[in-house]
Amino acid sequence: MPDSNQALIIFIKNPEPGKVKTRLAASVGDAKALEIYLKLLDHTRSVAQRIDANRLLFYSSYVDMQDAWPDADFEKFVQASGDLGARMTAAFEQAFAERQQKVVIIGSDCRELTAGIVDQAFAELDRHEFVVGPALDGGYYLLGMRAFHPEVFQDVTWSSEDTLDQTLKKMIRPGQSVFMLPELSDVDYLEDWERVLKKMS
């Protein structure tokens with residue numbers, strides 16, 4: 001049985017040509033971008049399955065009960081409507097409503113993410129209000145909290161070089177501390193994927 005006091009939220013996009021990795025597709029085409037995204041999904045699933053937590057999988061468009069994400073390992077939902085902030089707010093609110101004491105969210109864009117980093121995120125929430133995994137592009141690949149703080153998702157410019165800084169400003173308050181995980185790279189452009197391949201070789 002998973003640790004019933006903590007939840008791992010995973011946000012993914014339904015893998016459809018022309019709808020995933022659009023910035024990458026501008027360089028390599030829709031078919032290749034989909035192929036790369038499927039590899040990222042495989043990696044994310046492998047990482048998530050090694051985490052001792054309730055795993056809440058949120059799809060972008062519809063729940064796929066026939067895909068490679070086992071129903072026994074993942075509770076499946078559709079992301080709420082609105083921008084990324086609204087969707088993450090709803091997911092965190094749902095997790096905390098289920099009496100989770102620590103909640104961490106990841107996406108499916110970070111090939112460098114490891115189960116060890118996710119485990120560390122949960123562990124640091126014993127000592128800190130927030131934990132953040134900064135991405136090289138100015139965003140973040142992981143965010144965790146031990147109480148529901150919807151304000152960290154409000155008035156943020158998403159997918160920008162300011163996303164992380166704007167988020168951290170919402171977190172830094174008296175009595176609240178933030179633990180920063182290692183900086184990793186999300187895969188958004190061809191050079192990001194080439195960097196990943198070079199590290200893996």
# chains A, B, ... in the order shown; residues from 1 in each chain; ligands from 1
call {"tool": "residues_around", "arguments": {"residues": "Glu75 (chain A)", "least_positions_apart": "5", "cutoff": "9 Å", "atoms": "only C-alpha atoms", "output": "CSV table (one decimal) with C-alpha atoms, in the first residue's frame"}}
result
chain,number,residue,atom,x,y,z
A,54,ASN,CA,-0.8,8.0,-3.8
A,55,ARG,CA,-0.4,8.7,-7.5
A,56,LEU,CA,-2.9,11.1,-9.1
A,57,LEU,CA,-2.6,11.2,-12.9
A,58,PHE,CA,-4.2,14.2,-14.6
call {"tool": "select_by_dssp", "arguments": {"residues": "region 22-189 of chain A", "states": "strand (DSSP E)", "output": "ChimeraX atom specification"}}
result
/A:54-59,75-78,102-106,130-134,140-145,178-180
call {"tool": "write_last_selection", "arguments": {"atoms": "N, CA and C atoms", "output": "mmCIF file, in the first residue's frame"}}
result
data_model
loop_
_atom_site.group_PDB
_atom_site.id
_atom_site.type_symbol
_atom_site.label_atom_id
_atom_site.label_comp_id
_atom_site.auth_asym_id
_atom_site.auth_seq_id
_atom_site.Cartn_x
_atom_site.Cartn_y
_atom_site.Cartn_z
ATOM 1 N N ASN A 54 0.348 8.121 -2.960
ATOM 2 C CA ASN A 54 -0.843 8.009 -3.796
ATOM 3 C C ASN A 54 -0.560 8.770 -5.088
ATOM 4 N N ARG A 55 -0.725 8.126 -6.210
ATOM 5 C CA ARG A 55 -0.356 8.722 -7.496
ATOM 6 C C ARG A 55 -1.616 9.171 -8.230
ATOM 7 N N LEU A 56 -1.722 10.477 -8.433
ATOM 8 C CA LEU A 56 -2.887 11.069 -9.076
ATOM 9 C C LEU A 56 -2.475 11.571 -10.459
ATOM 10 N N LEU A 57 -2.978 10.902 -11.485
ATOM 11 C CA LEU A 57 -2.587 11.206 -12.864
ATOM 12 C C LEU A 57 -3.669 12.059 -13.518
ATOM 13 N N PHE A 58 -3.266 13.244 -13.974
ATOM 14 C CA PHE A 58 -4.214 14.176 -14.592
ATOM 15 C C PHE A 58 -3.895 14.343 -16.071
ATOM 16 N N TYR A 59 -4.847 13.954 -16.914
ATOM 17 C CA TYR A 59 -4.714 14.091 -18.368
ATOM 18 C C TYR A 59 -5.182 15.473 -18.815
ATOM 19 N N GLU A 75 -4.506 6.748 -9.923
ATOM 20 C CA GLU A 75 -5.879 7.253 -9.989
ATOM 21 C C GLU A 75 -5.917 8.270 -11.133
ATOM 22 N N LYS A 76 -6.896 8.136 -12.011
ATOM 23 C CA LYS A 76 -6.888 8.933 -13.232
ATOM 24 C C LYS A 76 -7.995 9.987 -13.238
ATOM 25 N N PHE A 77 -7.615 11.198 -13.670
ATOM 26 C CA PHE A 77 -8.531 12.328 -13.711
ATOM 27 C C PHE A 77 -8.242 13.171 -14.954
ATOM 28 N N VAL A 78 -9.132 14.108 -15.225
ATOM 29 C CA VAL A 78 -8.904 15.112 -16.262
ATOM 30 C C VAL A 78 -8.589 16.435 -15.576
ATOM 31 N N LYS A 102 1.306 15.814 2.537
ATOM 32 C CA LYS A 102 2.351 16.354 1.656
ATOM 33 C C LYS A 102 1.942 16.062 0.220
ATOM 34 N N VAL A 103 2.011 17.082 -0.628
ATOM 35 C CA VAL A 103 1.606 16.914 -2.023
ATOM 36 C C VAL A 103 2.688 17.495 -2.928
ATOM 37 N N VAL A 104 3.082 16.723 -3.924
ATOM 38 C CA VAL A 104 4.108 17.122 -4.895
ATOM 39 C C VAL A 104 3.536 16.945 -6.293
ATOM 40 N N ILE A 105 3.824 17.907 -7.170
ATOM 41 C CA ILE A 105 3.407 17.792 -8.560
ATOM 42 C C ILE A 105 4.627 17.753 -9.469
ATOM 43 N N ILE A 106 4.542 16.904 -10.496
ATOM 44 C CA ILE A 106 5.546 16.885 -11.563
ATOM 45 C C ILE A 106 4.810 16.909 -12.901
ATOM 46 N N PHE A 130 7.566 24.508 1.584
ATOM 47 C CA PHE A 130 7.556 24.291 0.138
ATOM 48 C C PHE A 130 8.851 23.616 -0.313
ATOM 49 N N VAL A 131 8.770 22.932 -1.438
ATOM 50 C CA VAL A 131 9.953 22.424 -2.129
ATOM 51 C C VAL A 131 9.757 22.681 -3.613
ATOM 52 N N VAL A 132 10.830 23.114 -4.279
ATOM 53 C CA VAL A 132 10.739 23.478 -5.695
ATOM 54 C C VAL A 132 11.932 22.896 -6.442
ATOM 55 N N GLY A 133 11.666 22.355 -7.630
ATOM 56 C CA GLY A 133 12.722 21.916 -8.521
ATOM 57 C C GLY A 133 12.846 22.892 -9.672
ATOM 58 N N PRO A 134 13.838 23.761 -9.667
ATOM 59 C CA PRO A 134 13.959 24.773 -10.714
ATOM 60 C C PRO A 134 14.386 24.178 -12.052
ATOM 61 N N TYR A 140 9.736 25.562 -13.431
ATOM 62 C CA TYR A 140 10.077 24.513 -12.479
ATOM 63 C C TYR A 140 9.517 23.180 -12.947
ATOM 64 N N TYR A 141 10.237 22.106 -12.612
ATOM 65 C CA TYR A 141 9.821 20.751 -13.007
ATOM 66 C C TYR A 141 9.100 20.029 -11.878
ATOM 67 N N LEU A 142 9.148 20.599 -10.669
ATOM 68 C CA LEU A 142 8.512 19.985 -9.497
ATOM 69 C C LEU A 142 8.159 21.088 -8.517
ATOM 70 N N LEU A 143 7.015 20.917 -7.865
ATOM 71 C CA LEU A 143 6.628 21.830 -6.795
ATOM 72 C C LEU A 143 5.878 21.025 -5.742
ATOM 73 N N GLY A 144 6.202 21.254 -4.477
ATOM 74 C CA GLY A 144 5.523 20.532 -3.409
ATOM 75 C C GLY A 144 5.189 21.444 -2.250
ATOM 76 N N MET A 145 4.166 21.077 -1.483
ATOM 77 C CA MET A 145 3.783 21.849 -0.306
ATOM 78 C C MET A 145 3.126 20.921 0.712
ATOM 79 N N VAL A 178 11.527 27.527 1.934
ATOM 80 C CA VAL A 178 11.482 26.844 0.639
ATOM 81 C C VAL A 178 12.774 26.072 0.452
ATOM 82 N N PHE A 179 12.676 24.787 0.126
ATOM 83 C CA PHE A 179 13.864 23.998 -0.191
ATOM 84 C C PHE A 179 13.989 23.892 -1.703
ATOM 85 N N MET A 180 15.181 24.187 -2.224
ATOM 86 C CA MET A 180 15.423 24.150 -3.658
ATOM 87 C C MET A 180 16.157 22.863 -4.037
#
call {"tool": "atom_distance", "arguments": {"atom1": "CA of Ala68 (chain A)", "atom2": "CA of Leu181 (chain A)"}}
result
28.7 Å
call {"tool": "select_by_dssp", "arguments": {"residues": "chain A", "states": "helix (DSSP H, G or I)", "output": "short mmCIF file (atom, residue, chain, number, x, y, z; two decimals) with N, CA and C atoms, in the first residue's frame"}}
result
data_model
loop_
_atom_site.label_atom_id
_atom_site.label_comp_id
_atom_site.auth_asym_id
_atom_site.auth_seq_id
_atom_site.Cartn_x
_atom_site.Cartn_y
_atom_site.Cartn_z
N THR A 22 4.78 21.28 -29.07
CA THR A 22 4.60 22.09 -30.29
C THR A 22 5.84 22.92 -30.61
N ARG A 23 6.54 23.38 -29.58
CA ARG A 23 7.77 24.13 -29.85
C ARG A 23 8.85 23.22 -30.42
N LEU A 24 8.92 22.00 -29.92
CA LEU A 24 9.84 21.02 -30.47
C LEU A 24 9.44 20.63 -31.90
N ALA A 25 8.14 20.49 -32.11
CA ALA A 25 7.63 20.09 -33.43
C ALA A 25 7.99 21.10 -34.51
N ALA A 26 8.15 22.36 -34.12
CA ALA A 26 8.52 23.38 -35.10
C ALA A 26 9.87 23.06 -35.74
N SER A 27 10.71 22.30 -35.02
CA SER A 27 12.03 21.92 -35.54
C SER A 27 12.05 20.54 -36.16
N VAL A 28 11.28 19.60 -35.60
CA VAL A 28 11.42 18.20 -36.02
C VAL A 28 10.15 17.62 -36.64
N ASP A 30 5.66 17.06 -36.38
CA ASP A 30 4.71 16.53 -35.40
C ASP A 30 4.99 15.07 -35.04
N ALA A 31 5.33 14.26 -36.03
CA ALA A 31 5.53 12.83 -35.77
C ALA A 31 6.72 12.59 -34.85
N LYS A 32 7.84 13.27 -35.13
CA LYS A 32 9.03 13.11 -34.30
C LYS A 32 8.79 13.68 -32.91
N ALA A 33 8.09 14.81 -32.82
CA ALA A 33 7.80 15.41 -31.52
C ALA A 33 6.95 14.45 -30.68
N LEU A 34 6.00 13.79 -31.31
CA LEU A 34 5.17 12.81 -30.59
C LEU A 34 6.03 11.64 -30.12
N GLU A 35 6.93 11.18 -30.96
CA GLU A 35 7.83 10.07 -30.59
C GLU A 35 8.66 10.43 -29.37
N ILE A 36 9.19 11.66 -29.36
CA ILE A 36 9.99 12.11 -28.22
C ILE A 36 9.12 12.24 -26.97
N TYR A 37 7.91 12.76 -27.14
CA TYR A 37 7.02 12.91 -25.99
C TYR A 37 6.65 11.56 -25.38
N LEU A 38 6.44 10.57 -26.22
CA LEU A 38 6.14 9.23 -25.71
C LEU A 38 7.30 8.69 -24.88
N LYS A 39 8.53 9.00 -25.28
CA LYS A 39 9.69 8.59 -24.49
C LYS A 39 9.73 9.32 -23.15
N LEU A 40 9.35 10.59 -23.17
CA LEU A 40 9.29 11.35 -21.92
C LEU A 40 8.21 10.79 -21.00
N LEU A 41 7.08 10.40 -21.58
CA LEU A 41 6.01 9.79 -20.78
C LEU A 41 6.48 8.48 -20.16
N ASP A 42 7.18 7.67 -20.93
CA ASP A 42 7.70 6.40 -20.41
C ASP A 42 8.61 6.64 -19.21
N HIS A 43 9.49 7.65 -19.34
CA HIS A 43 10.41 7.95 -18.24
C HIS A 43 9.65 8.45 -17.02
N THR A 44 8.71 9.35 -17.23
CA THR A 44 7.94 9.91 -16.12
C THR A 44 7.16 8.81 -15.40
N ARG A 45 6.57 7.90 -16.16
CA ARG A 45 5.81 6.80 -15.56
C ARG A 45 6.73 5.91 -14.73
N SER A 46 7.91 5.62 -15.24
CA SER A 46 8.86 4.78 -14.53
C SER A 46 9.28 5.42 -13.21
N VAL A 47 9.52 6.72 -13.23
CA VAL A 47 9.87 7.44 -12.01
C VAL A 47 8.71 7.39 -11.01
N ALA A 48 7.51 7.71 -11.49
CA ALA A 48 6.34 7.79 -10.60
C ALA A 48 6.04 6.44 -9.94
N GLN A 49 6.22 5.37 -10.68
CA GLN A 49 5.89 4.05 -10.14
C GLN A 49 6.83 3.63 -9.00
N LEU A 84 -2.64 27.11 -16.61
CA LEU A 84 -1.90 26.12 -15.84
C LEU A 84 -2.06 26.35 -14.34
N GLY A 85 -2.08 27.60 -13.93
CA GLY A 85 -2.24 27.89 -12.51
C GLY A 85 -3.56 27.40 -11.97
N ALA A 86 -4.64 27.62 -12.72
CA ALA A 86 -5.96 27.16 -12.29
C ALA A 86 -6.02 25.64 -12.23
N ARG A 87 -5.37 24.99 -13.19
CA ARG A 87 -5.39 23.53 -13.23
C ARG A 87 -4.60 22.92 -12.08
N MET A 88 -3.45 23.53 -11.77
CA MET A 88 -2.66 23.02 -10.65
C MET A 88 -3.36 23.31 -9.32
N THR A 89 -3.97 24.47 -9.20
CA THR A 89 -4.70 24.79 -7.98
C THR A 89 -5.78 23.75 -7.71
N ALA A 90 -6.54 23.40 -8.73
CA ALA A 90 -7.61 22.42 -8.57
C ALA A 90 -7.06 21.05 -8.17
N ALA A 91 -5.94 20.66 -8.77
CA ALA A 91 -5.36 19.36 -8.46
C ALA A 91 -4.85 19.31 -7.02
N PHE A 92 -4.17 20.37 -6.58
CA PHE A 92 -3.69 20.41 -5.19
C PHE A 92 -4.86 20.44 -4.22
N GLU A 93 -5.89 21.22 -4.55
CA GLU A 93 -7.06 21.29 -3.66
C GLU A 93 -7.70 19.91 -3.52
N GLN A 94 -7.77 19.17 -4.62
CA GLN A 94 -8.33 17.82 -4.57
C GLN A 94 -7.49 16.91 -3.70
N ALA A 95 -6.16 16.98 -3.85
CA ALA A 95 -5.28 16.11 -3.07
C ALA A 95 -5.38 16.43 -1.58
N PHE A 96 -5.38 17.69 -1.22
CA PHE A 96 -5.46 18.04 0.20
C PHE A 96 -6.85 17.75 0.76
N ALA A 97 -7.87 17.80 -0.08
CA ALA A 97 -9.22 17.45 0.38
C ALA A 97 -9.30 15.97 0.77
N ALA A 115 13.64 9.19 -9.38
CA ALA A 115 12.84 8.85 -8.21
C ALA A 115 13.51 9.39 -6.94
N GLY A 116 14.82 9.40 -6.92
CA GLY A 116 15.54 9.92 -5.76
C GLY A 116 15.23 11.39 -5.49
N ILE A 117 15.11 12.17 -6.57
CA ILE A 117 14.80 13.59 -6.41
C ILE A 117 13.38 13.77 -5.88
N VAL A 118 12.44 12.96 -6.38
CA VAL A 118 11.06 13.06 -5.90
C VAL A 118 10.97 12.63 -4.44
N ASP A 119 11.68 11.56 -4.09
CA ASP A 119 11.72 11.11 -2.69
C ASP A 119 12.30 12.20 -1.79
N GLN A 120 13.34 12.87 -2.28
CA GLN A 120 13.94 13.96 -1.51
C GLN A 120 12.94 15.09 -1.31
N ALA A 121 12.15 15.38 -2.34
CA ALA A 121 11.14 16.44 -2.24
C ALA A 121 10.16 16.15 -1.10
N PHE A 122 9.66 14.93 -1.06
CA PHE A 122 8.74 14.57 0.02
C PHE A 122 9.42 14.66 1.39
N ALA A 123 10.66 14.21 1.47
CA ALA A 123 11.38 14.24 2.75
C ALA A 123 11.59 15.68 3.23
N GLU A 124 11.91 16.57 2.31
CA GLU A 124 12.17 17.97 2.70
C GLU A 124 10.90 18.66 3.18
N PRO A 150 -3.04 28.15 -2.47
CA PRO A 150 -3.40 28.48 -3.86
C PRO A 150 -2.75 29.75 -4.37
N GLU A 151 -2.29 30.62 -3.46
CA GLU A 151 -1.71 31.89 -3.91
C GLU A 151 -0.45 31.71 -4.74
N VAL A 152 0.24 30.57 -4.58
CA VAL A 152 1.48 30.40 -5.34
C VAL A 152 1.22 30.19 -6.83
N PHE A 153 -0.03 29.94 -7.19
CA PHE A 153 -0.38 29.73 -8.60
C PHE A 153 -1.10 30.93 -9.21
N THR A 163 8.66 32.63 -14.51
CA THR A 163 7.70 31.79 -13.80
C THR A 163 8.20 31.41 -12.40
N LEU A 164 9.43 30.94 -12.31
CA LEU A 164 9.97 30.51 -11.01
C LEU A 164 10.08 31.68 -10.05
N ASP A 165 10.65 32.79 -10.50
CA ASP A 165 10.84 33.94 -9.62
C ASP A 165 9.50 34.45 -9.08
N GLN A 166 8.50 34.53 -9.94
CA GLN A 166 7.19 35.00 -9.51
C GLN A 166 6.58 34.05 -8.48
N THR A 167 6.80 32.75 -8.68
CA THR A 167 6.27 31.75 -7.76
C THR A 167 6.97 31.83 -6.41
N LEU A 168 8.29 31.97 -6.42
CA LEU A 168 9.04 32.04 -5.17
C LEU A 168 8.65 33.25 -4.33
N LYS A 169 8.32 34.35 -5.00
CA LYS A 169 7.92 35.55 -4.26
C LYS A 169 6.63 35.30 -3.47
N LYS A 170 5.78 34.39 -3.98
CA LYS A 170 4.54 34.07 -3.26
C LYS A 170 4.83 33.14 -2.07
N MET A 171 5.93 32.41 -2.14
CA MET A 171 6.25 31.43 -1.11
C MET A 171 7.00 32.03 0.06
N LEU A 190 14.51 21.47 -29.52
CA LEU A 190 15.39 20.43 -30.03
C LEU A 190 16.71 20.41 -29.26
N GLU A 191 17.25 21.58 -28.94
CA GLU A 191 18.53 21.61 -28.22
C GLU A 191 18.40 21.00 -26.83
N ASP A 192 17.22 21.10 -26.22
CA ASP A 192 17.00 20.46 -24.91
C ASP A 192 17.09 18.94 -25.04
N TRP A 193 16.44 18.40 -26.07
CA TRP A 193 16.45 16.95 -26.28
C TRP A 193 17.86 16.47 -26.63
N GLU A 194 18.57 17.24 -27.44
CA GLU A 194 19.94 16.86 -27.80
C GLU A 194 20.85 16.87 -26.58
N ARG A 195 20.60 17.80 -25.67
CA ARG A 195 21.39 17.85 -24.42
C ARG A 195 21.11 16.60 -23.59
N VAL A 196 19.87 16.19 -23.53
CA VAL A 196 19.49 14.99 -22.79
C VAL A 196 20.17 13.76 -23.39
N LEU A 197 20.11 13.64 -24.70
CA LEU A 197 20.73 12.49 -25.37
C LEU A 197 22.23 12.45 -25.12
N LYS A 198 22.86 13.60 -25.10
CA LYS A 198 24.30 13.66 -24.86
C LYS A 198 24.61 13.19 -23.45
N LYS A 199 23.79 13.59 -22.47
CA LYS A 199 24.02 13.17 -21.08
C LYS A 199 23.82 11.67 -20.91
N MET A 200 22.86 11.12 -21.68
CA MET A 200 22.54 9.71 -21.55
C MET A 200 23.54 8.80 -22.27
#
call {"tool": "closest_residue", "arguments": {"among": "A:Ser160, A:Gln66, A:Gln79, A:Gln6", "to": "Asp126 (chain A)", "atoms": "only C-alpha atoms"}}
result
A:Gln6
call {"tool": "residues_around", "arguments": {"residues": "Leu184 (chain A)", "least_positions_apart": "5", "cutoff": "7 Å", "atoms": "only C-alpha atoms", "output": "MDAnalysis selection string"}}
result
chainID A and resid 112 134:136
